[in-house]
>>> print(open('data-v5.pdb').read())   # PDB, C-alpha atoms and all ligand atoms
ATOM      1  CA  MET A  26      12.548   5.410 -23.839
ATOM      2  CA  GLU A  27      12.201   6.421 -20.158
ATOM      3  CA  LEU A  28       9.192   5.115 -18.273
ATOM      4  CA  TRP A  29       7.799   7.087 -15.307
ATOM      5  CA  PHE A  30       4.912   6.573 -12.911
ATOM      6  CA  SER A  31       3.426   9.766 -11.507
ATOM      7  CA  GLU A  32       0.840  10.470  -8.833
ATOM      8  CA  THR A  33      -1.083  13.719  -8.800
ATOM      9  CA  PHE A  34      -2.565  14.986  -5.561
ATOM     10  CA  GLY A  35      -4.316  18.314  -5.903
ATOM     11  CA  ASP A  36      -1.833  20.768  -7.351
ATOM     12  CA  ILE A  37       1.250  18.639  -6.751
ATOM     13  CA  ARG A  38       2.667  15.812  -8.832
ATOM     14  CA  ALA A  39       5.424  13.362  -7.894
ATOM     15  CA  ALA A  40       7.073  10.944 -10.318
ATOM     16  CA  TRP A  41       9.347   7.917 -10.058
ATOM     17  CA  ARG A  42      11.409   6.399 -12.850
ATOM     18  CA  VAL A  43      10.224   2.878 -13.590
ATOM     19  CA  LYS A  44      12.396  -0.044 -14.666
ATOM     20  CA  GLU A  45       9.525  -2.401 -15.391
ATOM     21  CA  VAL A  46       5.763  -2.797 -15.075
ATOM     22  CA  LEU A  47       5.303  -6.120 -13.284
ATOM     23  CA  TYR A  48       1.514  -6.293 -12.969
ATOM     24  CA  HIS A  49      -1.415  -4.148 -14.045
ATOM     25  CA  ALA A  50      -5.067  -5.188 -13.877
ATOM     26  CA  ARG A  51      -8.433  -4.115 -12.592
ATOM     27  CA  SER A  52      -9.712  -5.981  -9.539
ATOM     28  CA  PRO A  53     -13.440  -5.981  -8.694
ATOM     29  CA  TYR A  54     -12.719  -2.856  -6.593
ATOM     30  CA  GLN A  55      -9.844  -0.902  -8.078
ATOM     31  CA  ASP A  56      -6.955  -0.502 -10.476
ATOM     32  CA  VAL A  57      -3.983  -2.519  -9.167
ATOM     33  CA  LEU A  58      -0.465  -1.787 -10.400
ATOM     34  CA  ILE A  59       2.974  -3.063  -9.412
ATOM     35  CA  VAL A  60       5.988  -1.321 -10.900
ATOM     36  CA  ASP A  61       9.686  -1.752 -10.200
ATOM     37  CA  THR A  62      11.124   1.735  -9.627
ATOM     38  CA  VAL A  63      14.757   2.830  -9.782
ATOM     39  CA  GLN A  64      14.884   4.553  -6.383
ATOM     40  CA  PHE A  65      12.281   2.784  -4.231
ATOM     41  CA  GLY A  66      12.181  -0.784  -5.534
ATOM     42  CA  ARG A  67       8.844  -2.438  -6.172
ATOM     43  CA  MET A  68       5.835  -0.169  -5.651
ATOM     44  CA  LEU A  69       2.163  -1.061  -5.105
ATOM     45  CA  VAL A  70      -0.244   1.492  -6.571
ATOM     46  CA  LEU A  71      -4.035   1.382  -6.092
ATOM     47  CA  ASP A  72      -6.242   3.630  -8.213
ATOM     48  CA  GLY A  73      -3.219   5.762  -9.085
ATOM     49  CA  CYS A  74      -2.099   6.294  -5.440
ATOM     50  CA  VAL A  75       1.175   4.916  -4.098
ATOM     51  CA  MET A  76       0.376   2.498  -1.277
ATOM     52  CA  THR A  77       3.789   1.126  -0.455
ATOM     53  CA  THR A  78       7.289   0.565  -1.783
ATOM     54  CA  GLU A  79       9.965  -1.921  -0.800
ATOM     55  CA  ARG A  80      12.332   0.839   0.257
ATOM     56  CA  ASP A  81      10.248   3.200   2.407
ATOM     57  CA  GLU A  82       7.472   0.867   3.633
ATOM     58  CA  CYS A  83       9.308   0.630   6.975
ATOM     59  CA  ALA A  84       8.623   4.316   7.645
ATOM     60  CA  TYR A  85       4.901   3.631   7.256
ATOM     61  CA  HIS A  86       4.259   0.141   8.647
ATOM     62  CA  GLU A  87       6.603   0.350  11.624
ATOM     63  CA  MET A  88       5.283   3.771  12.550
ATOM     64  CA  LEU A  89       1.621   2.807  12.128
ATOM     65  CA  VAL A  90       2.062  -0.096  14.545
ATOM     66  CA  HIS A  91       4.838   0.273  17.117
ATOM     67  CA  PRO A  92       4.259   3.674  18.777
ATOM     68  CA  GLY A  93       0.775   2.501  19.752
ATOM     69  CA  LEU A  94       1.307  -1.208  20.301
ATOM     70  CA  VAL A  95       4.272  -0.840  22.695
ATOM     71  CA  ALA A  96       1.987   1.260  24.910
ATOM     72  CA  HIS A  97      -0.504  -1.592  25.415
ATOM     73  CA  PRO A  98       0.393  -3.769  28.446
ATOM     74  CA  ASN A  99      -0.463  -7.104  26.781
ATOM     75  CA  PRO A 100      -1.964  -6.992  23.280
ATOM     76  CA  GLU A 101      -3.250 -10.445  22.310
ATOM     77  CA  GLN A 102      -6.071  -9.796  19.838
ATOM     78  CA  VAL A 103      -5.379  -7.346  17.009
ATOM     79  CA  CYS A 104      -7.336  -6.276  13.941
ATOM     80  CA  VAL A 105      -5.931  -4.613  10.820
ATOM     81  CA  ILE A 106      -8.424  -2.927   8.527
ATOM     82  CA  GLY A 107      -7.243  -2.699   4.890
ATOM     83  CA  GLY A 108      -3.515  -3.314   4.578
ATOM     84  CA  GLY A 109      -3.817  -6.262   2.175
ATOM     85  CA  ASP A 110      -0.120  -5.917   1.308
ATOM     86  CA  GLY A 111       0.595  -7.440   4.736
ATOM     87  CA  GLY A 112       3.148  -4.899   6.021
ATOM     88  CA  THR A 113       1.087  -3.869   9.039
ATOM     89  CA  VAL A 114       0.349  -7.499   9.970
ATOM     90  CA  ARG A 115       4.080  -8.276   9.721
ATOM     91  CA  GLU A 116       4.868  -5.519  12.244
ATOM     92  CA  VAL A 117       2.066  -6.555  14.631
ATOM     93  CA  LEU A 118       3.411 -10.120  14.672
ATOM     94  CA  LYS A 119       6.767  -8.858  15.964
ATOM     95  CA  HIS A 120       4.997  -8.484  19.331
ATOM     96  CA  ALA A 121       5.260 -12.054  20.635
ATOM     97  CA  CYS A 122       2.281 -11.667  23.007
ATOM     98  CA  VAL A 123      -0.070 -11.268  20.023
ATOM     99  CA  LYS A 124      -2.109 -14.462  19.648
ATOM    100  CA  ARG A 125      -4.333 -13.520  16.711
ATOM    101  CA  VAL A 126      -4.337 -10.873  13.982
ATOM    102  CA  VAL A 127      -7.422 -10.468  11.826
ATOM    103  CA  LEU A 128      -6.762  -8.815   8.476
ATOM    104  CA  ALA A 129     -10.055  -7.381   7.224
ATOM    105  CA  GLU A 130      -9.374  -6.508   3.591
ATOM    106  CA  ILE A 131     -12.058  -5.958   0.985
ATOM    107  CA  ASP A 132      -9.906  -6.693  -2.065
ATOM    108  CA  GLU A 133      -8.480 -10.212  -2.140
ATOM    109  CA  ASP A 134      -6.515  -9.373  -5.299
ATOM    110  CA  VAL A 135      -4.338  -6.937  -3.293
ATOM    111  CA  ILE A 136      -3.351  -9.820  -1.017
ATOM    112  CA  THR A 137      -2.632 -12.230  -3.882
ATOM    113  CA  VAL A 138      -0.665  -9.710  -5.916
ATOM    114  CA  SER A 139       1.346  -8.576  -2.865
ATOM    115  CA  GLN A 140       2.194 -12.181  -1.963
ATOM    116  CA  LYS A 141       3.517 -12.715  -5.476
ATOM    117  CA  TYR A 142       5.371  -9.437  -6.092
ATOM    118  CA  LEU A 143       6.126  -8.065  -2.607
ATOM    119  CA  PRO A 144       7.158 -11.134  -0.583
ATOM    120  CA  SER A 145       9.284  -9.142   1.889
ATOM    121  CA  ILE A 146       6.151  -7.198   2.860
ATOM    122  CA  ALA A 147       3.416  -9.827   2.474
ATOM    123  CA  GLY A 148       5.326 -12.905   3.714
ATOM    124  CA  ALA A 149       3.919 -12.705   7.256
ATOM    125  CA  LEU A 150       0.369 -13.276   5.975
ATOM    126  CA  LYS A 151       1.174 -17.006   6.030
ATOM    127  CA  ASP A 152       1.747 -16.932   9.817
ATOM    128  CA  PRO A 153      -0.738 -19.262  11.610
ATOM    129  CA  ARG A 154      -1.786 -16.403  13.911
ATOM    130  CA  VAL A 155      -3.235 -14.517  10.915
ATOM    131  CA  GLU A 156      -6.933 -14.814  10.095
ATOM    132  CA  LEU A 157      -8.101 -13.340   6.783
ATOM    133  CA  ALA A 158     -11.539 -11.742   6.722
ATOM    134  CA  ILE A 159     -12.181 -10.806   3.102
ATOM    135  CA  GLY A 160     -14.870  -8.138   3.075
ATOM    136  CA  ASP A 161     -15.886  -4.708   4.281
ATOM    137  CA  GLY A 162     -13.638  -3.693   7.198
ATOM    138  CA  ALA A 163     -16.137  -1.177   8.598
ATOM    139  CA  LYS A 164     -18.802  -3.872   8.760
ATOM    140  CA  TYR A 165     -16.323  -6.327  10.293
ATOM    141  CA  LEU A 166     -15.640  -3.987  13.205
ATOM    142  CA  ALA A 167     -19.339  -3.215  13.666
ATOM    143  CA  ASP A 168     -19.995  -6.966  13.903
ATOM    144  CA  HIS A 169     -17.209  -7.685  16.460
ATOM    145  CA  PRO A 170     -17.795  -5.595  19.584
ATOM    146  CA  GLY A 171     -15.404  -5.889  22.533
ATOM    147  CA  GLU A 172     -12.978  -8.195  20.734
ATOM    148  CA  PHE A 173      -9.656  -6.421  20.152
ATOM    149  CA  ASP A 174      -6.783  -4.936  22.142
ATOM    150  CA  ALA A 175      -5.625  -2.900  19.168
ATOM    151  CA  ILE A 176      -7.084  -1.894  15.808
ATOM    152  CA  PHE A 177      -4.951  -0.461  13.004
ATOM    153  CA  SER A 178      -6.687   1.268  10.139
ATOM    154  CA  ASP A 179      -4.360   0.801   7.171
ATOM    155  CA  SER A 180      -6.709   2.370   4.684
ATOM    156  CA  THR A 181      -6.400   4.022   1.310
ATOM    157  CA  ASP A 182      -6.919   7.797   1.187
ATOM    158  CA  PRO A 183     -10.238   9.140   2.527
ATOM    159  CA  ILE A 184     -11.720   9.548  -0.932
ATOM    160  CA  GLY A 185     -14.027   7.193  -2.832
ATOM    161  CA  PRO A 186     -14.293   3.753  -1.167
ATOM    162  CA  GLY A 187     -11.763   4.782   1.536
ATOM    163  CA  ALA A 188     -13.989   7.610   2.813
ATOM    164  CA  ILE A 189     -16.068   5.392   5.118
ATOM    165  CA  LEU A 190     -12.917   4.509   7.050
ATOM    166  CA  PHE A 191     -12.773   8.121   8.265
ATOM    167  CA  ALA A 192     -16.491   8.519   9.072
ATOM    168  CA  ASP A 193     -17.963   8.949  12.576
ATOM    169  CA  GLU A 194     -19.813   5.642  12.289
ATOM    170  CA  TYR A 195     -16.545   3.800  11.651
ATOM    171  CA  PHE A 196     -14.759   5.532  14.535
ATOM    172  CA  LEU A 197     -17.660   4.517  16.805
ATOM    173  CA  SER A 198     -17.462   0.898  15.614
ATOM    174  CA  ALA A 199     -13.697   0.934  16.244
ATOM    175  CA  ARG A 200     -14.242   2.145  19.788
ATOM    176  CA  ASN A 201     -16.896  -0.485  20.407
ATOM    177  CA  ALA A 202     -14.741  -3.262  18.951
ATOM    178  CA  LEU A 203     -12.019  -2.610  21.538
ATOM    179  CA  ARG A 204     -11.544  -4.330  24.878
ATOM    180  CA  ASP A 205     -10.538  -2.417  28.029
ATOM    181  CA  GLU A 206      -7.285  -0.494  27.525
ATOM    182  CA  GLY A 207      -7.716  -0.968  23.774
ATOM    183  CA  LEU A 208      -6.200   1.416  21.284
ATOM    184  CA  PHE A 209      -6.998   2.518  17.761
ATOM    185  CA  VAL A 210      -4.559   3.963  15.227
ATOM    186  CA  THR A 211      -5.416   5.233  11.779
ATOM    187  CA  GLN A 212      -3.172   6.441   9.000
ATOM    188  CA  CYS A 213      -4.274   9.934   8.014
ATOM    189  CA  LYS A 214      -2.924  12.503   5.540
ATOM    190  CA  SER A 215      -0.208  15.044   4.799
ATOM    191  CA  VAL A 216      -0.111  17.907   7.276
ATOM    192  CA  TRP A 217       1.284  20.168   4.538
ATOM    193  CA  VAL A 218      -1.592  19.926   2.085
ATOM    194  CA  ASP A 219      -4.406  18.437   4.177
ATOM    195  CA  ALA A 220      -3.981  19.948   7.646
ATOM    196  CA  GLU A 221      -7.695  20.719   7.908
ATOM    197  CA  SER A 222      -8.653  17.169   7.136
ATOM    198  CA  VAL A 223      -6.166  15.817   9.716
ATOM    199  CA  ARG A 224      -7.644  18.201  12.280
ATOM    200  CA  ASP A 225     -11.186  17.215  11.299
ATOM    201  CA  SER A 226     -10.465  13.499  11.843
ATOM    202  CA  GLU A 227      -8.791  14.300  15.163
ATOM    203  CA  VAL A 228     -11.780  16.319  16.385
ATOM    204  CA  ARG A 229     -14.259  13.629  15.342
ATOM    205  CA  LEU A 230     -12.220  10.846  16.974
ATOM    206  CA  LYS A 231     -12.415  12.850  20.207
ATOM    207  CA  LYS A 232     -16.169  12.220  20.270
ATOM    208  CA  PHE A 233     -15.388   8.565  20.964
ATOM    209  CA  PHE A 234     -11.953   8.455  22.646
ATOM    210  CA  SER A 235     -10.725  10.484  25.610
ATOM    211  CA  LEU A 236      -7.152  10.712  24.284
ATOM    212  CA  VAL A 237      -6.402  11.437  20.621
ATOM    213  CA  LEU A 238      -2.852  12.219  19.522
ATOM    214  CA  PRO A 239      -1.613  13.016  16.019
ATOM    215  CA  TYR A 240       1.904  11.934  15.149
ATOM    216  CA  LEU A 241       4.178  11.955  12.116
ATOM    217  CA  SER A 242       6.511   9.877  10.024
ATOM    218  CA  THR A 243       8.627  10.714   6.980
ATOM    219  CA  ILE A 244       7.441   8.657   4.024
ATOM    220  CA  PRO A 245       9.087   9.963   0.853
ATOM    221  CA  THR A 246       6.692   8.288  -1.605
ATOM    222  CA  TYR A 247       3.553   9.734   0.031
ATOM    223  CA  PRO A 248       2.283  13.203  -0.868
ATOM    224  CA  THR A 249       4.779  15.813   0.509
ATOM    225  CA  GLY A 250       6.730  13.082   2.348
ATOM    226  CA  SER A 251       5.454  14.065   5.782
ATOM    227  CA  TRP A 252       2.601  11.781   6.785
ATOM    228  CA  SER A 253       0.304  11.830   9.802
ATOM    229  CA  PHE A 254      -1.298   9.140  11.944
ATOM    230  CA  LEU A 255      -3.887   9.445  14.712
ATOM    231  CA  PHE A 256      -3.573   7.434  17.915
ATOM    232  CA  ALA A 257      -6.732   7.080  20.040
ATOM    233  CA  SER A 258      -7.404   5.465  23.424
ATOM    234  CA  GLN A 259      -9.425   5.921  26.598
ATOM    235  CA  GLY A 260      -6.368   7.172  28.475
ATOM    236  CA  LEU A 261      -3.451   4.895  27.592
ATOM    237  CA  ASP A 262      -0.736   7.395  26.617
ATOM    238  CA  PRO A 263       2.085   6.156  24.344
ATOM    239  CA  ARG A 264       4.272   9.138  25.298
ATOM    240  CA  GLU A 265       4.159   8.198  28.979
ATOM    241  CA  ARG A 266       4.446   4.449  29.412
ATOM    242  CA  VAL A 267       5.553   1.608  27.160
ATOM    243  CA  SER A 268       6.689  -1.975  27.491
ATOM    244  CA  SER A 269      10.427  -1.352  27.293
ATOM    245  CA  GLU A 270      11.113  -5.044  26.734
ATOM    246  CA  ARG A 271       8.923  -5.236  23.648
ATOM    247  CA  GLN A 272      10.113  -1.821  22.496
ATOM    248  CA  SER A 273      13.760  -2.974  22.517
ATOM    249  CA  LEU A 274      12.940  -6.231  20.737
ATOM    250  CA  VAL A 275      11.063  -4.411  17.998
ATOM    251  CA  ALA A 276      13.628  -1.613  17.678
ATOM    252  CA  ASN A 277      16.493  -4.117  17.376
ATOM    253  CA  THR A 278      15.252  -5.325  14.000
ATOM    254  CA  ALA A 279      13.433  -2.188  12.811
ATOM    255  CA  ASN A 280      14.564  -0.184   9.809
ATOM    256  CA  TYR A 281      12.898   3.087  10.854
ATOM    257  CA  TYR A 282      11.381   2.995  14.361
ATOM    258  CA  THR A 283      13.686   3.709  17.311
ATOM    259  CA  PRO A 284      12.819   4.255  20.985
ATOM    260  CA  ALA A 285      13.490   7.977  20.384
ATOM    261  CA  HIS A 286      10.552   8.095  17.944
ATOM    262  CA  GLN A 287       8.227   7.181  20.801
ATOM    263  CA  LYS A 288       8.336  10.780  21.959
ATOM    264  CA  ALA A 289       9.689  12.623  18.920
ATOM    265  CA  ALA A 290       6.981  11.412  16.518
ATOM    266  CA  PHE A 291       4.315  13.128  18.620
ATOM    267  CA  ALA A 292       5.946  16.566  18.242
ATOM    268  CA  MET A 293       3.767  18.382  15.728
ATOM    269  CA  PRO A 294       4.714  21.486  13.697
ATOM    270  CA  ALA A 295       3.930  24.789  15.434
ATOM    271  CA  PHE A 296       1.470  25.877  12.723
ATOM    272  CA  LEU A 297      -0.725  22.874  13.479
ATOM    273  CA  THR A 298      -0.605  23.218  17.244
ATOM    274  CA  ARG A 299      -1.360  26.957  16.945
ATOM    275  CA  ALA A 300      -4.330  26.320  14.610
ATOM    276  CA  LYS A 301      -5.661  23.817  17.174
ATOM    277  CA  ALA A 302      -5.334  26.294  20.043
ATOM    278  CA  GLU A 303      -7.183  28.950  18.032
ATOM    279  CA  ALA A 304     -10.024  26.616  16.978
TER     280      ALA A 304
HETATM  281  N1  LIG B   1      -1.597   8.324   0.129
HETATM  282  C1  LIG B   1      -1.354   6.960   0.428
HETATM  283  C2  LIG B   1      -1.881   6.504   1.731
HETATM  284  C3  LIG B   1      -1.872   5.023   1.783
HETATM  285  C4  LIG B   1      -2.000   4.472   3.128
HETATM  286  N2  LIG B   1      -2.133   3.043   3.160
HETATM  287  C5  LIG B   1      -1.107   2.323   2.559
HETATM  288  C6  LIG B   1      -1.230   0.866   2.734
HETATM  289  C7  LIG B   1       0.097   0.238   2.971
HETATM  290  N3  LIG B   1      -0.001  -0.916   3.758
END
>>> encode(input="data-v5.pdb", output="structure tokens")
Amino acid sequence: MELWFSETFGDIRAAWRVKEVLYHARSPYQDVLIVDTVQFGRMLVLDGCVMTTERDECAYHEMLVHPGLVAHPNPEQVCVIGGGDGGTVREVLKHACVKRVVLAEIDEDVITVSQKYLPSIAGALKDPRVELAIGDGAKYLADHPGEFDAIFSDSTDPIGPGAILFADEYFLSARNALRDEGLFVTQCKSVWVDAESVRDSEVRLKKFFSLVLPYLSTIPTYPTGSWSFLFASQGLDPRERVSSERQSLVANTANYYTPAHQKAAFAMPAFLTRAKAEA
């Protein structure tokens, strides 16, 4: 008998053929599932939503981190909110100047399960530069003003418990938790089915940051495959200036990110740019 895992988002459903269910349990916060799929390898699913897969995680984690982090002149202190699978931390640690990465993750089970079933993604969590802060990421940022050079919001979707990680109060805490020249990047949504929500987050981030730029990556296991991120800073522009030394080092071992993405990823579809101009 064939086994499939499917995710439904609004009026669309995507499905992946499954070889084996490796783990399925309820944590104190959510339903946690690991399946081994035919096309994308092992897949982490939280509350029915695909979070990451062995095969296409590079298109998410590399693109969440590198376009922003190569633009910072010397990032030493970094915070990752959510992202208990460890993929974002792994990418941050590729920047040798980083001295400390705090992973603020509310659900310790996601970390434990990822370390067991997704070692190629979670392996970097054992690095001595990593500090785990198990608890509410929004509260963590609010309690640590002026501490970080870069903050990456590797959240779940902005529904249910993930909604606070897209609220004004959280964006304000992120701004306040940054040092001078600090930058904030959040994963966002699909521009094909959630363009209004992407635009709404962009507009609200602009209340707190003078430069806010949406950008895209192709992530086949996320709804519609075209996924957006929002970069925010007080002027540091990733399209203009980057550390070319760090960029080359990172790109040499990357599976998705290339120096060409540094400009190309910020090109948005005409329908979005037009809607923005008309707003
Ligand atoms: N629709 C899925 C969005 C999930 C974004 N976060 C994934 C976490 C992977 N580290």
>>> resolve_selection(input="data-v5.pdb", expression="the PyMOL selection byres (((chain A and resi 275) around 10) and not hetatm)", output="list in words")
Glu87, His91, Val95, Glu116, Val117, Lys119, His120, Ala121, Ser269, Glu270, Arg271, Gln272, Ser273, Leu274, Ala276, Asn277, Thr278, Ala279, Asn280, Tyr282, Thr283 and Pro284 of chain A
>>> write_last_selection(input="data-v5.pdb", atoms="C-alpha atoms", output="JSON list (two decimals), keeping the file's coordinate frame")
[["chain", "number", "residue", "atom", "x", "y", "z"],
["A", 87, "GLU", "CA", 6.60, 0.35, 11.62],
["A", 91, "HIS", "CA", 4.84, 0.27, 17.12],
["A", 95, "VAL", "CA", 4.27, -0.84, 22.70],
["A", 116, "GLU", "CA", 4.87, -5.52, 12.24],
["A", 117, "VAL", "CA", 2.07, -6.56, 14.63],
["A", 119, "LYS", "CA", 6.77, -8.86, 15.96],
["A", 120, "HIS", "CA", 5.00, -8.48, 19.33],
["A", 121, "ALA", "CA", 5.26, -12.05, 20.64],
["A", 269, "SER", "CA", 10.43, -1.35, 27.29],
["A", 270, "GLU", "CA", 11.11, -5.04, 26.73],
["A", 271, "ARG", "CA", 8.92, -5.24, 23.65],
["A", 272, "GLN", "CA", 10.11, -1.82, 22.50],
["A", 273, "SER", "CA", 13.76, -2.97, 22.52],
["A", 274, "LEU", "CA", 12.94, -6.23, 20.74],
["A", 276, "ALA", "CA", 13.63, -1.61, 17.68],
["A", 277, "ASN", "CA", 16.49, -4.12, 17.38],
["A", 278, "THR", "CA", 15.25, -5.32, 14.00],
["A", 279, "ALA", "CA", 13.43, -2.19, 12.81],
["A", 280, "ASN", "CA", 14.56, -0.18, 9.81],
["A", 282, "TYR", "CA", 11.38, 3.00, 14.36],
["A", 283, "THR", "CA", 13.69, 3.71, 17.31],
["A", 284, "PRO", "CA", 12.82, 4.26, 20.98]]
>>> closest_atom_pairs(input="data-v5.pdb", of="chain A", to="ligand LIG 1 (chain B)", cutoff="8 Å", atoms="all atoms listed in the file", output="tab-separated table")
residue	atom	partner	partner_atom	distance
A:Cys74	CA	B:LIG1	N1	5.9
A:Val75	CA	B:LIG1	C1	5.6
A:Met76	CA	B:LIG1	C5	4.1
A:Thr77	CA	B:LIG1	C7	5.1
A:Glu82	CA	B:LIG1	C7	7.4
A:Tyr85	CA	B:LIG1	C7	7.3
A:His86	CA	B:LIG1	N3	6.6
A:Gly107	CA	B:LIG1	C6	7.3
A:Gly108	CA	B:LIG1	N3	4.3
A:Gly109	CA	B:LIG1	N3	6.8
A:Asp110	CA	B:LIG1	N3	5.6
A:Gly111	CA	B:LIG1	N3	6.6
A:Gly112	CA	B:LIG1	N3	5.6
A:Thr113	CA	B:LIG1	N3	6.1
A:Asp179	CA	B:LIG1	N2	5.1
A:Ser180	CA	B:LIG1	N2	4.9
A:Thr181	CA	B:LIG1	C3	4.7
A:Asp182	CA	B:LIG1	C2	5.2
A:Gln212	CA	B:LIG1	C4	6.3
A:Cys213	CA	B:LIG1	C2	7.5
A:Lys214	CA	B:LIG1	N1	7.0
A:Tyr247	CA	B:LIG1	N1	5.3
A:Pro248	CA	B:LIG1	N1	6.3
>>> write_last_selection(input="data-v5.pdb", atoms="C-alpha atoms", output="tab-separated table (two decimals), in the frame of the given file")
chain	number	residue	atom	x	y	z
A	74	CYS	CA	-2.10	6.29	-5.44
A	75	VAL	CA	1.18	4.92	-4.10
A	76	MET	CA	0.38	2.50	-1.28
A	77	THR	CA	3.79	1.13	-0.46
A	82	GLU	CA	7.47	0.87	3.63
A	85	TYR	CA	4.90	3.63	7.26
A	86	HIS	CA	4.26	0.14	8.65
A	107	GLY	CA	-7.24	-2.70	4.89
A	108	GLY	CA	-3.52	-3.31	4.58
A	109	GLY	CA	-3.82	-6.26	2.17
A	110	ASP	CA	-0.12	-5.92	1.31
A	111	GLY	CA	0.60	-7.44	4.74
A	112	GLY	CA	3.15	-4.90	6.02
A	113	THR	CA	1.09	-3.87	9.04
A	179	ASP	CA	-4.36	0.80	7.17
A	180	SER	CA	-6.71	2.37	4.68
A	181	THR	CA	-6.40	4.02	1.31
A	182	ASP	CA	-6.92	7.80	1.19
A	212	GLN	CA	-3.17	6.44	9.00
A	213	CYS	CA	-4.27	9.93	8.01
A	214	LYS	CA	-2.92	12.50	5.54
A	247	TYR	CA	3.55	9.73	0.03
A	248	PRO	CA	2.28	13.20	-0.87
>>> closest_residue(input="data-v5.pdb", among="A:Phe30, A:Phe177, A:Trp217, A:Phe234", to="Asn201 in chain A", atoms="only C-alpha atoms")
A:Phe234
>>> atom_distance(input="data-v5.pdb", atom1="CA of Val105 in chain A", atom2="CA of Gly162 in chain A")
8.6 Å
>>> residues_around(input="data-v5.pdb", residues="range 56-73 of chain A", least_positions_apart="2", cutoff="8 Å", atoms="all atoms listed in the file", output="PyMOL selection string")
chain A and resi 32+41-52+54+75-81+135+139+142-143
>>> write_last_selection(input="data-v5.pdb", atoms="C-alpha atoms", output="mmCIF file, keeping the file's coordinate frame")
data_model
loop_
_atom_site.group_PDB
_atom_site.id
_atom_site.type_symbol
_atom_site.label_atom_id
_atom_site.label_comp_id
_atom_site.auth_asym_id
_atom_site.auth_seq_id
_atom_site.Cartn_x
_atom_site.Cartn_y
_atom_site.Cartn_z
ATOM 1 C CA GLU A 32 0.840 10.470 -8.833
ATOM 2 C CA TRP A 41 9.347 7.917 -10.058
ATOM 3 C CA ARG A 42 11.409 6.399 -12.850
ATOM 4 C CA VAL A 43 10.224 2.878 -13.590
ATOM 5 C CA LYS A 44 12.396 -0.044 -14.666
ATOM 6 C CA GLU A 45 9.525 -2.401 -15.391
ATOM 7 C CA VAL A 46 5.763 -2.797 -15.075
ATOM 8 C CA LEU A 47 5.303 -6.120 -13.284
ATOM 9 C CA TYR A 48 1.514 -6.293 -12.969
ATOM 10 C CA HIS A 49 -1.415 -4.148 -14.045
ATOM 11 C CA ALA A 50 -5.067 -5.188 -13.877
ATOM 12 C CA ARG A 51 -8.433 -4.115 -12.592
ATOM 13 C CA SER A 52 -9.712 -5.981 -9.539
ATOM 14 C CA TYR A 54 -12.719 -2.856 -6.593
ATOM 15 C CA VAL A 75 1.175 4.916 -4.098
ATOM 16 C CA MET A 76 0.376 2.498 -1.277
ATOM 17 C CA THR A 77 3.789 1.126 -0.455
ATOM 18 C CA THR A 78 7.289 0.565 -1.783
ATOM 19 C CA GLU A 79 9.965 -1.921 -0.800
ATOM 20 C CA ARG A 80 12.332 0.839 0.257
ATOM 21 C CA ASP A 81 10.248 3.200 2.407
ATOM 22 C CA VAL A 135 -4.338 -6.937 -3.293
ATOM 23 C CA SER A 139 1.346 -8.576 -2.865
ATOM 24 C CA TYR A 142 5.371 -9.437 -6.092
ATOM 25 C CA LEU A 143 6.126 -8.065 -2.607
#
>>> closest_residue(input="data-v5.pdb", among="A:Cys83, A:Pro183, A:Phe191, A:Asp168", to="Ile146 in chain A", atoms="only C-alpha atoms")
A:Cys83
>>> residues_around(input="data-v5.pdb", residues="Gln102 in chain A", least_positions_apart="3", cutoff="8 Å", atoms="all atoms listed in the file", output="list in words")
Val123, Lys124, Arg125, Val126, Glu172, Phe173, Asp174 and Ala175 of chain A
>>> axis_aligned_box(input="data-v5.pdb", around="range 229-244 of chain A", padding_each_side="8 Å", output="JSON")
{"center_x": -3.8, "center_y": 11.0, "center_z": 14.8, "size_x": 40.8, "size_y": 21.2, "size_z": 37.6}
>>> residues_near_point(input="data-v5.pdb", point="(-12.9, -15.3, 7.5)", cutoff="12 Å", atoms="only C-alpha atoms", output="PyMOL selection string")
chain A and resi 126-131+133+155-162+165
>>> closest_residue(input="data-v5.pdb", among="A:Gly207, A:Lys141, A:Ala302, A:Glu227", to="Gly260 in chain A", atoms="all atoms listed in the file")
A:Gly207
>>> residues_around(input="data-v5.pdb", residues="Pro170 in chain A", least_positions_apart="4", cutoff="9 Å", atoms="all atoms listed in the file", output="number ranges by chain")
A: 166, 198-204
>>> resolve_selection(input="data-v5.pdb", expression="the PyMOL selection byres (((chain A and resi 291) around 8) and not hetatm)", output="NGL selection string")
:A and (238-241 or 264 or 287-290 or 292-293)
>>> write_last_selection(input="data-v5.pdb", atoms="C-alpha atoms", output="PDB file, in the frame of the given file")
ATOM      1  CA  LEU A 238      -2.852  12.219  19.522  1.00  0.00           C
ATOM      2  CA  PRO A 239      -1.613  13.016  16.019  1.00  0.00           C
ATOM      3  CA  TYR A 240       1.904  11.934  15.149  1.00  0.00           C
ATOM      4  CA  LEU A 241       4.178  11.955  12.116  1.00  0.00           C
ATOM      5  CA  ARG A 264       4.272   9.138  25.298  1.00  0.00           C
ATOM      6  CA  GLN A 287       8.227   7.181  20.801  1.00  0.00           C
ATOM      7  CA  LYS A 288       8.336  10.780  21.959  1.00  0.00           C
ATOM      8  CA  ALA A 289       9.689  12.623  18.920  1.00  0.00           C
ATOM      9  CA  ALA A 290       6.981  11.412  16.518  1.00  0.00           C
ATOM     10  CA  ALA A 292       5.946  16.566  18.242  1.00  0.00           C
ATOM     11  CA  MET A 293       3.767  18.382  15.728  1.00  0.00           C
TER      12      MET A 293
END
>>> resolve_selection(input="data-v5.pdb", expression="the PyMOL selection byres (((chain A and resi 220) around 12) and not hetatm)", output="NGL selection string")
:A and (213-219 or 221-227 or 239 or 251-254 or 293-294 or 296-301)
>>> closest_residue(input="data-v5.pdb", among="A:Pro92, A:Ser242, A:Ala167, A:Gly185", to="Glu265 in chain A", atoms="only C-alpha atoms")
A:Pro92
